[in-house]
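Engineer: Dropping the structure in here first, questions after.
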2 protein chains.
Amino acid sequence: MVGMSRLCTVRIGSSTRAGRIDGDDIVILDAADVGDVLRADSEVAETGEAIPRETARLAPVVTAPDKVVCVGVNYLDHIEEMGRDRPSAPTYFAKFANSLIGATDDLVLPPIDVSTHIDWEVELAIVIGSPVRHASPSEALAAVAGYTVMNDGSVRDYQRRTTQFLAGKMFEGLSPLGPVLVGVDELGDGSGLEIRSEVDGVVKQQSSTSELCFNVVDIVQDLSAITTLMPGDVIATGTPGGVGAARTPPEWLTDGAVLRCSIEGVGATENRCVLP
Amino acid sequence: MVGMSRLCTVRIGSSTRAGRIDGDDIVILDAADVGDVLRADSEVAETGEAIPRETARLAPVVTAPDKVVCVGVNYLDHIEEMGRDRPSAPTYFAKFANSLIGATDDLVLPPIDVSTHIDWEVELAIVIGSPVRHASPSEALAAVAGYTVMNDGSVRDYQRRTTQFLAGKMFEGLSPLGPVLVGVDELGDGSGLEIRSEVDGVVKQQSSTSELCFNVVDIVQDLSAITTLMPGDVIATGTPGGVGAARTPPEWLTDGAVLRCSIEGVGATENRCVLP
């Protein structure tokens, strides 16, 4: 992996390139995405190109992670609003790579005859930087490259039609991941950061990553007993209270709504919802 | 995709190659695995090499699927033994690529301080052959390349520690996938096939794929409303009664045990369990 603090993935033509944030510019790197940068054995070279950050079209920070693992019921306030007990172990479910979109892409809702129960969940996402198995706490943190923002896009009627969440969590294109990867050199263990979602400028979720039941080290250590985590793997750490499904009456994302998900020190995704 | 009925993936040195079954031989193809054959725009060429089937080291039929989706509680006899109600929708959970091993690889158990509750689940696995979204029943079957055998390796204490199965299902290296992909030209919709697991020669599960609550067409059609299924995606269709966890007393896979999973018309995986 490369010794750079802030990385992103940009769309160039019909493909993608990794980039390094340099003030208002993105310096283009010789790698297809941040996942490839993290998997590289040595420092990835710059191509000599740069593009203004303002006009860049961002792809998901990692375009094709080997694994996308999400932690459920992991903020105390969200556990309360969903009527669940405090957990004794982390709850995991999955997404796949095609669930992910860029930080400013249109968020294309499912056709309304499939579902209209589309909900938001802002999350601190861990990006793994080096392979790790059976980690101690210090090995767990050493394996983390850094953090980004994910909206864990959730289709609540599909999520709840059986005991298993996956059907409502693996929907294509509902989960922005970005805008940038910020390294552990800046953010340490990811605690103490304000986390917030807004719909059309109205704050819906607001908490701190210090409210996590299972923190970054706990999660990486626990998962590493199950499988080898690999560079580019993405782990979304759970969402605080304020989701649409828990409101009275319930609120859903609809055509034209703008969803903004932000984490202090990382940045924000901002996606306009559109019907297909 | 290629117009061949029976394909496999073999290990050659430290990499893999797709192969076409030709009697007692495997004719090596110019593709890294069966997933690459299915993703190719035109027929994949033969390399001119062939190896005896008897000595071939098989890799997972698809080594790095974009998605591995598993269906739970989908055989009536298994639903009964697990004490569940007949479902109104398919129950989905995930695995990741590194859960998969070859049809005759050693099945490396987790260290005993992680878990000893390792269970078997023989399943008919669908392999997708062409991209499909919002499929009709006929489009669903047309998108299926064929079928193979999967053991949905399950770590029961991890599976049951929260509401979500994933922790017990995504363990590394517990899920053989193979030995070959048999096309829909031979097996149609995959119904009417005897499905069986044996541990050390003793039959543990024995049923018919006609006992599926949600059949191959139902599952592909339903998943295609959620996401685009892609060539090489693997969907395991669920397991019949007779798993270790439902026995009195419960039975688990232990060091030295040989697990054989077979489906009529497809073949068998046979893996020796070993401690790390």
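Chain labels A, B, ... are given in the sequence in which chains occur in the structure tokens; within each chain residues are numbered consecutively from 1, and ligands are likewise numbered from 1 in the order shown.
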DSSP on the backbone: what in range 97-181 of chain B comes out strand (DSSP E or B), as an mmCIF file with N, CA and C atoms, in the first residue's frame?
Structural biologist:
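Final output, saved to states-v6.cif:
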data_model
loop_
_atom_site.group_PDB
_atom_site.id
_atom_site.type_symbol
_atom_site.label_atom_id
_atom_site.label_comp_id
_atom_site.auth_asym_id
_atom_site.auth_seq_id
_atom_site.Cartn_x
_atom_site.Cartn_y
_atom_site.Cartn_z
ATOM 1 N N LEU B 100 -14.997 -20.746 -0.632
ATOM 2 C CA LEU B 100 -15.060 -21.884 -1.551
ATOM 3 C C LEU B 100 -13.742 -22.652 -1.626
ATOM 4 N N ILE B 101 -13.839 -23.977 -1.767
ATOM 5 C CA ILE B 101 -12.669 -24.825 -2.035
ATOM 6 C C ILE B 101 -13.032 -25.789 -3.154
ATOM 7 N N LEU B 107 -10.651 -30.053 3.645
ATOM 8 C CA LEU B 107 -11.552 -29.078 4.267
ATOM 9 C C LEU B 107 -10.936 -28.729 5.630
ATOM 10 N N VAL B 108 -10.295 -27.566 5.675
ATOM 11 C CA VAL B 108 -9.537 -27.183 6.871
ATOM 12 C C VAL B 108 -10.488 -26.570 7.893
ATOM 13 N N ILE B 118 -19.009 -27.585 13.442
ATOM 14 C CA ILE B 118 -18.923 -27.484 11.986
ATOM 15 C C ILE B 118 -19.887 -28.492 11.369
ATOM 16 N N ASP B 119 -20.803 -27.987 10.562
ATOM 17 C CA ASP B 119 -21.889 -28.827 10.040
ATOM 18 C C ASP B 119 -21.842 -28.877 8.509
ATOM 19 N N VAL B 122 -25.478 -30.285 2.041
ATOM 20 C CA VAL B 122 -25.347 -30.503 0.602
ATOM 21 C C VAL B 122 -26.409 -29.676 -0.134
ATOM 22 N N GLU B 123 -26.007 -29.043 -1.240
ATOM 23 C CA GLU B 123 -26.936 -28.180 -1.974
ATOM 24 C C GLU B 123 -26.689 -28.253 -3.481
ATOM 25 N N LEU B 124 -27.773 -28.151 -4.234
ATOM 26 C CA LEU B 124 -27.702 -27.927 -5.674
ATOM 27 C C LEU B 124 -27.359 -26.457 -5.888
ATOM 28 N N ALA B 125 -26.233 -26.190 -6.554
ATOM 29 C CA ALA B 125 -25.818 -24.804 -6.795
ATOM 30 C C ALA B 125 -26.054 -24.441 -8.252
ATOM 31 N N ILE B 126 -26.753 -23.328 -8.445
ATOM 32 C CA ILE B 126 -26.967 -22.752 -9.774
ATOM 33 C C ILE B 126 -25.735 -21.918 -10.135
ATOM 34 N N VAL B 127 -25.283 -22.020 -11.382
ATOM 35 C CA VAL B 127 -24.265 -21.097 -11.879
ATOM 36 C C VAL B 127 -24.890 -20.285 -13.016
ATOM 37 N N ILE B 128 -24.832 -18.966 -12.881
ATOM 38 C CA ILE B 128 -25.449 -18.075 -13.866
ATOM 39 C C ILE B 128 -24.564 -17.993 -15.115
ATOM 40 N N VAL B 132 -28.808 -11.051 -16.047
ATOM 41 C CA VAL B 132 -30.278 -11.077 -16.031
ATOM 42 C C VAL B 132 -30.802 -10.147 -14.934
ATOM 43 N N VAL B 144 -29.498 -19.310 -16.732
ATOM 44 C CA VAL B 144 -28.751 -20.317 -15.973
ATOM 45 C C VAL B 144 -27.827 -21.082 -16.922
ATOM 46 N N ALA B 145 -26.519 -21.123 -16.587
ATOM 47 C CA ALA B 145 -25.585 -21.934 -17.376
ATOM 48 C C ALA B 145 -25.748 -23.406 -17.023
ATOM 49 N N GLY B 146 -25.842 -23.698 -15.731
ATOM 50 C CA GLY B 146 -25.954 -25.082 -15.303
ATOM 51 C C GLY B 146 -25.859 -25.194 -13.801
ATOM 52 N N TYR B 147 -25.419 -26.380 -13.351
ATOM 53 C CA TYR B 147 -25.497 -26.720 -11.934
ATOM 54 C C TYR B 147 -24.220 -27.399 -11.471
ATOM 55 N N THR B 148 -23.935 -27.240 -10.188
ATOM 56 C CA THR B 148 -22.862 -27.993 -9.572
ATOM 57 C C THR B 148 -23.271 -28.297 -8.127
ATOM 58 N N VAL B 149 -22.382 -28.924 -7.372
ATOM 59 C CA VAL B 149 -22.671 -29.301 -5.989
ATOM 60 C C VAL B 149 -21.947 -28.341 -5.049
ATOM 61 N N MET B 150 -22.636 -27.887 -4.010
ATOM 62 C CA MET B 150 -21.959 -27.124 -2.954
ATOM 63 C C MET B 150 -22.246 -27.740 -1.599
ATOM 64 N N ASN B 151 -21.212 -27.825 -0.745
ATOM 65 C CA ASN B 151 -21.461 -27.995 0.676
ATOM 66 C C ASN B 151 -21.497 -26.608 1.293
ATOM 67 N N SER B 154 -21.202 -24.761 7.485
ATOM 68 C CA SER B 154 -21.927 -23.928 8.453
ATOM 69 C C SER B 154 -21.349 -24.121 9.846
ATOM 70 N N VAL B 155 -20.984 -23.020 10.467
ATOM 71 C CA VAL B 155 -20.458 -23.049 11.829
ATOM 72 C C VAL B 155 -21.610 -22.620 12.730
ATOM 73 N N SER B 175 -16.538 -24.577 2.193
ATOM 74 C CA SER B 175 -17.607 -24.834 1.224
ATOM 75 C C SER B 175 -17.072 -25.313 -0.124
ATOM 76 N N PRO B 176 -16.924 -26.646 -0.276
ATOM 77 C CA PRO B 176 -16.526 -27.192 -1.573
ATOM 78 C C PRO B 176 -17.569 -26.848 -2.641
ATOM 79 N N LEU B 177 -17.095 -26.550 -3.860
ATOM 80 C CA LEU B 177 -17.962 -26.247 -5.000
ATOM 81 C C LEU B 177 -17.428 -27.021 -6.197
ATOM 82 N N GLY B 178 -18.207 -28.049 -6.634
ATOM 83 C CA GLY B 178 -17.734 -28.839 -7.766
ATOM 84 C C GLY B 178 -18.482 -30.164 -7.876
ATOM 85 N N PRO B 179 -17.975 -31.176 -8.536
ATOM 86 C CA PRO B 179 -16.685 -31.160 -9.225
ATOM 87 C C PRO B 179 -16.753 -30.464 -10.584
ATOM 88 N N VAL B 180 -17.934 -30.470 -11.199
ATOM 89 C CA VAL B 180 -18.061 -29.937 -12.562
ATOM 90 C C VAL B 180 -19.331 -29.116 -12.656
ATOM 91 N N LEU B 181 -19.377 -28.279 -13.682
ATOM 92 C CA LEU B 181 -20.603 -27.584 -14.062
ATOM 93 C C LEU B 181 -21.280 -28.421 -15.143
#
Engineer: Mind listing as a CSV table (one decimal) with C-alpha atoms, in the first residue's frame which residues of chain B are within 9 Å of chain A, counting only C-alpha atoms?
Structural biologist:
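Heads up, here's the output in out.csv:
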chain,number,residue,atom,x,y,z
B,64,ALA,CA,-14.1,-15.8,-7.8
B,66,ASP,CA,-19.1,-11.7,-8.0
B,67,LYS,CA,-21.8,-13.1,-5.8
B,87,PRO,CA,-41.7,-19.7,4.1
B,88,SER,CA,-43.6,-17.2,2.0
B,89,ALA,CA,-40.4,-15.8,0.3
B,90,PRO,CA,-36.9,-17.2,-0.2
B,91,THR,CA,-34.5,-16.6,2.7
B,92,TYR,CA,-31.1,-15.4,1.4
B,93,PHE,CA,-27.7,-15.1,3.0
B,94,ALA,CA,-24.2,-14.7,1.5
B,95,LYS,CA,-20.8,-16.3,1.3
B,96,PHE,CA,-17.7,-14.8,-0.2
B,97,ALA,CA,-15.3,-16.2,-2.7
B,98,ASN,CA,-12.7,-17.4,-0.1
B,99,SER,CA,-15.4,-19.6,1.5
B,110,PRO,CA,-11.4,-23.7,12.2
B,114,VAL,CA,-12.8,-20.7,17.5
B,161,ARG,CA,-25.0,-16.0,18.0
B,162,THR,CA,-27.2,-13.3,16.4
B,163,THR,CA,-30.3,-13.2,14.2
B,164,GLN,CA,-28.2,-13.1,11.1
B,165,PHE,CA,-26.6,-16.3,9.7
B,166,LEU,CA,-23.7,-14.7,7.9
B,167,ALA,CA,-21.1,-15.1,10.7
B,168,GLY,CA,-21.5,-18.9,10.6
B,170,MET,CA,-18.8,-16.9,5.6
B,171,PHE,CA,-16.1,-19.0,7.3
B,172,GLU,CA,-13.1,-19.4,5.0
B,173,GLY,CA,-12.6,-22.7,3.2
B,223,LEU,CA,-33.2,-12.4,-7.1
B,225,ALA,CA,-35.8,-8.1,-9.1
B,226,ILE,CA,-33.1,-7.2,-6.5
B,227,THR,CA,-29.9,-7.1,-8.5
B,228,THR,CA,-28.4,-8.0,-11.8
Engineer: Could you please determine the separation between CA of Glu54 in chain A and CA of Ala40 in chain A in Å, to one decimal place?
Structural biologist: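 It comes out at 27.7 Å.
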Engineer: Extract the full set of alpha helix (DSSP H) residues from range 8-245 of chain A according to DSSP on the backbone, and format it as a PyMOL selection string.
Structural biologist: chain A and resi 34-39+76-81+137-142+156-159+166-169+184-187+216-224
Engineer: Which one is closest to Arg156 in chain B: B:Leu275, B:Ile12, B:Val44, B:Ala245? Count only C-alpha atoms.
Structural biologist: B:Ala245
Engineer: Got a sec: who's within 7 Å of Val199 in chain A, counting only C-alpha atoms, leaving out chain neighbours fewer than 2 positions off, as an NGL selection string?
Structural biologist: :A and (197 or 201-204 or 257-260)
Engineer: Would you export the selected residues with N, CA and C atoms as a PDB file, in the first residue's frame, please?
Structural biologist:
ATOM      1  N   SER A 197     -26.858  12.003   8.766  1.00  0.00           N
ATOM      2  CA  SER A 197     -27.518  11.947   7.461  1.00  0.00           C
ATOM      3  C   SER A 197     -28.570  13.037   7.388  1.00  0.00           C
ATOM      4  N   GLY A 201     -31.827  18.394   3.123  1.00  0.00           N
ATOM      5  CA  GLY A 201     -31.320  19.388   4.068  1.00  0.00           C
ATOM      6  C   GLY A 201     -31.825  19.246   5.496  1.00  0.00           C
ATOM      7  N   VAL A 202     -32.705  18.292   5.747  1.00  0.00           N
ATOM      8  CA  VAL A 202     -33.237  18.072   7.094  1.00  0.00           C
ATOM      9  C   VAL A 202     -32.449  16.937   7.755  1.00  0.00           C
ATOM     10  N   VAL A 203     -31.894  17.214   8.930  1.00  0.00           N
ATOM     11  CA  VAL A 203     -31.087  16.193   9.609  1.00  0.00           C
ATOM     12  C   VAL A 203     -31.983  15.039  10.065  1.00  0.00           C
ATOM     13  N   LYS A 204     -31.598  13.817   9.695  1.00  0.00           N
ATOM     14  CA  LYS A 204     -32.363  12.628  10.068  1.00  0.00           C
ATOM     15  C   LYS A 204     -31.627  11.774  11.094  1.00  0.00           C
ATOM     16  N   ALA A 257     -35.519  13.250  -4.081  1.00  0.00           N
ATOM     17  CA  ALA A 257     -34.929  13.527  -2.764  1.00  0.00           C
ATOM     18  C   ALA A 257     -33.404  13.506  -2.860  1.00  0.00           C
ATOM     19  N   VAL A 258     -32.761  14.348  -2.064  1.00  0.00           N
ATOM     20  CA  VAL A 258     -31.296  14.368  -2.019  1.00  0.00           C
ATOM     21  C   VAL A 258     -30.857  13.860  -0.647  1.00  0.00           C
ATOM     22  N   LEU A 259     -30.099  12.772  -0.665  1.00  0.00           N
ATOM     23  CA  LEU A 259     -29.596  12.153   0.569  1.00  0.00           C
ATOM     24  C   LEU A 259     -28.138  12.542   0.757  1.00  0.00           C
ATOM     25  N   ARG A 260     -27.850  13.143   1.912  1.00  0.00           N
ATOM     26  CA  ARG A 260     -26.469  13.520   2.234  1.00  0.00           C
ATOM     27  C   ARG A 260     -26.029  12.752   3.474  1.00  0.00           C
TER      28      ARG A 260
END
Engineer: Please provide the set of residues having any atom within 7 Å of Asp25 in chain B, restricted to only C-alpha atoms, with same-chain residues fewer than 2 positions apart removed, written as a list in words.
Structural biologist: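 Near neighbours after the sequence-gap exclusion: Ile21, Asp22, Gly23, Val27, Ala50, Ile51, Pro52 and Arg53 of chain B.
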Engineer: Could you write out that same residue set with C-alpha atoms as a PDB file, in the first residue's frame?
Structural biologist:
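Saved the output as selection.pdb:
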ATOM      1  CA  ILE B  21     -14.628 -32.899 -19.589  1.00  0.00           C
ATOM      2  CA  ASP B  22     -13.843 -35.292 -22.444  1.00  0.00           C
ATOM      3  CA  GLY B  23     -14.355 -38.877 -21.284  1.00  0.00           C
ATOM      4  CA  VAL B  27      -9.175 -30.689 -22.171  1.00  0.00           C
ATOM      5  CA  ALA B  50      -5.234 -32.408 -21.807  1.00  0.00           C
ATOM      6  CA  ILE B  51      -4.799 -34.042 -18.395  1.00  0.00           C
ATOM      7  CA  PRO B  52      -6.254 -37.269 -17.006  1.00  0.00           C
ATOM      8  CA  ARG B  53      -9.341 -36.559 -14.935  1.00  0.00           C
TER       9      ARG B  53
END
Engineer: Quick one: distance from CA of Ser15 in chain A to CA of Pro131 in chain B in Å, one decimal?
Structural biologist: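 Straight-line distance from CA of Ser15 in chain A to CA of Pro131 in chain B works out to 19.6 Å.
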Engineer: Gly244 in chain B: which residues within 10 Å, counting only C-alpha atoms, same-chain residues fewer than 3 positions away excluded, as a ChimeraX atom specification?
Structural biologist: /B:117-121,156,204-205,241,247-253
Engineer: Output N, CA and C atoms of each residue in that selection to a file, as a PDB file, in the first residue's frame.
Structural biologist:
ATOM      1  N   HIS B 117     -18.329 -26.605  16.130  1.00  0.00           N
ATOM      2  CA  HIS B 117     -19.690 -26.912  15.678  1.00  0.00           C
ATOM      3  C   HIS B 117     -19.814 -26.773  14.152  1.00  0.00           C
ATOM      4  N   ILE B 118     -19.009 -27.585  13.442  1.00  0.00           N
ATOM      5  CA  ILE B 118     -18.923 -27.484  11.986  1.00  0.00           C
ATOM      6  C   ILE B 118     -19.887 -28.492  11.369  1.00  0.00           C
ATOM      7  N   ASP B 119     -20.803 -27.987  10.562  1.00  0.00           N
ATOM      8  CA  ASP B 119     -21.889 -28.827  10.040  1.00  0.00           C
ATOM      9  C   ASP B 119     -21.842 -28.877   8.509  1.00  0.00           C
ATOM     10  N   TRP B 120     -22.550 -29.898   7.973  1.00  0.00           N
ATOM     11  CA  TRP B 120     -22.637 -30.086   6.523  1.00  0.00           C
ATOM     12  C   TRP B 120     -24.006 -29.649   6.013  1.00  0.00           C
ATOM     13  N   GLU B 121     -24.074 -29.247   4.757  1.00  0.00           N
ATOM     14  CA  GLU B 121     -25.331 -28.935   4.067  1.00  0.00           C
ATOM     15  C   GLU B 121     -25.110 -29.138   2.573  1.00  0.00           C
ATOM     16  N   ARG B 156     -22.239 -23.603  13.370  1.00  0.00           N
ATOM     17  CA  ARG B 156     -23.568 -23.371  13.950  1.00  0.00           C
ATOM     18  C   ARG B 156     -23.569 -22.397  15.118  1.00  0.00           C
ATOM     19  N   LYS B 204     -26.199 -39.140   5.547  1.00  0.00           N
ATOM     20  CA  LYS B 204     -26.733 -38.181   6.511  1.00  0.00           C
ATOM     21  C   LYS B 204     -27.920 -37.415   5.943  1.00  0.00           C
ATOM     22  N   GLN B 205     -27.866 -37.062   4.684  1.00  0.00           N
ATOM     23  CA  GLN B 205     -28.968 -36.348   4.030  1.00  0.00           C
ATOM     24  C   GLN B 205     -29.282 -37.090   2.734  1.00  0.00           C
ATOM     25  N   GLY B 241     -33.209 -32.202   4.906  1.00  0.00           N
ATOM     26  CA  GLY B 241     -33.047 -32.626   6.290  1.00  0.00           C
ATOM     27  C   GLY B 241     -31.838 -33.519   6.486  1.00  0.00           C
ATOM     28  N   ARG B 247     -29.529 -33.392  14.776  1.00  0.00           N
ATOM     29  CA  ARG B 247     -29.488 -34.782  15.245  1.00  0.00           C
ATOM     30  C   ARG B 247     -29.442 -34.837  16.775  1.00  0.00           C
ATOM     31  N   THR B 248     -29.820 -35.981  17.326  1.00  0.00           N
ATOM     32  CA  THR B 248     -29.799 -36.166  18.771  1.00  0.00           C
ATOM     33  C   THR B 248     -28.879 -37.321  19.105  1.00  0.00           C
ATOM     34  N   PRO B 249     -27.726 -37.102  19.755  1.00  0.00           N
ATOM     35  CA  PRO B 249     -27.150 -35.773  20.023  1.00  0.00           C
ATOM     36  C   PRO B 249     -26.634 -35.136  18.741  1.00  0.00           C
ATOM     37  N   PRO B 250     -26.352 -33.843  18.743  1.00  0.00           N
ATOM     38  CA  PRO B 250     -25.821 -33.187  17.544  1.00  0.00           C
ATOM     39  C   PRO B 250     -24.507 -33.828  17.097  1.00  0.00           C
ATOM     40  N   GLU B 251     -24.266 -33.823  15.798  1.00  0.00           N
ATOM     41  CA  GLU B 251     -23.021 -34.357  15.235  1.00  0.00           C
ATOM     42  C   GLU B 251     -22.296 -33.247  14.500  1.00  0.00           C
ATOM     43  N   TRP B 252     -20.957 -33.266  14.607  1.00  0.00           N
ATOM     44  CA  TRP B 252     -20.146 -32.234  13.925  1.00  0.00           C
ATOM     45  C   TRP B 252     -19.042 -32.900  13.125  1.00  0.00           C
ATOM     46  N   LEU B 253     -18.527 -32.166  12.151  1.00  0.00           N
ATOM     47  CA  LEU B 253     -17.374 -32.643  11.380  1.00  0.00           C
ATOM     48  C   LEU B 253     -16.116 -32.507  12.234  1.00  0.00           C
TER      49      LEU B 253
END
Engineer: Can you work out the spacing between CA of Leu58 in chain B and CA of Asp233 in chain A in Å, to one decimal?
Structural biologist: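 Answer for the CA of Leu58 in chain B to CA of Asp233 in chain A separation: 26.6 Å.
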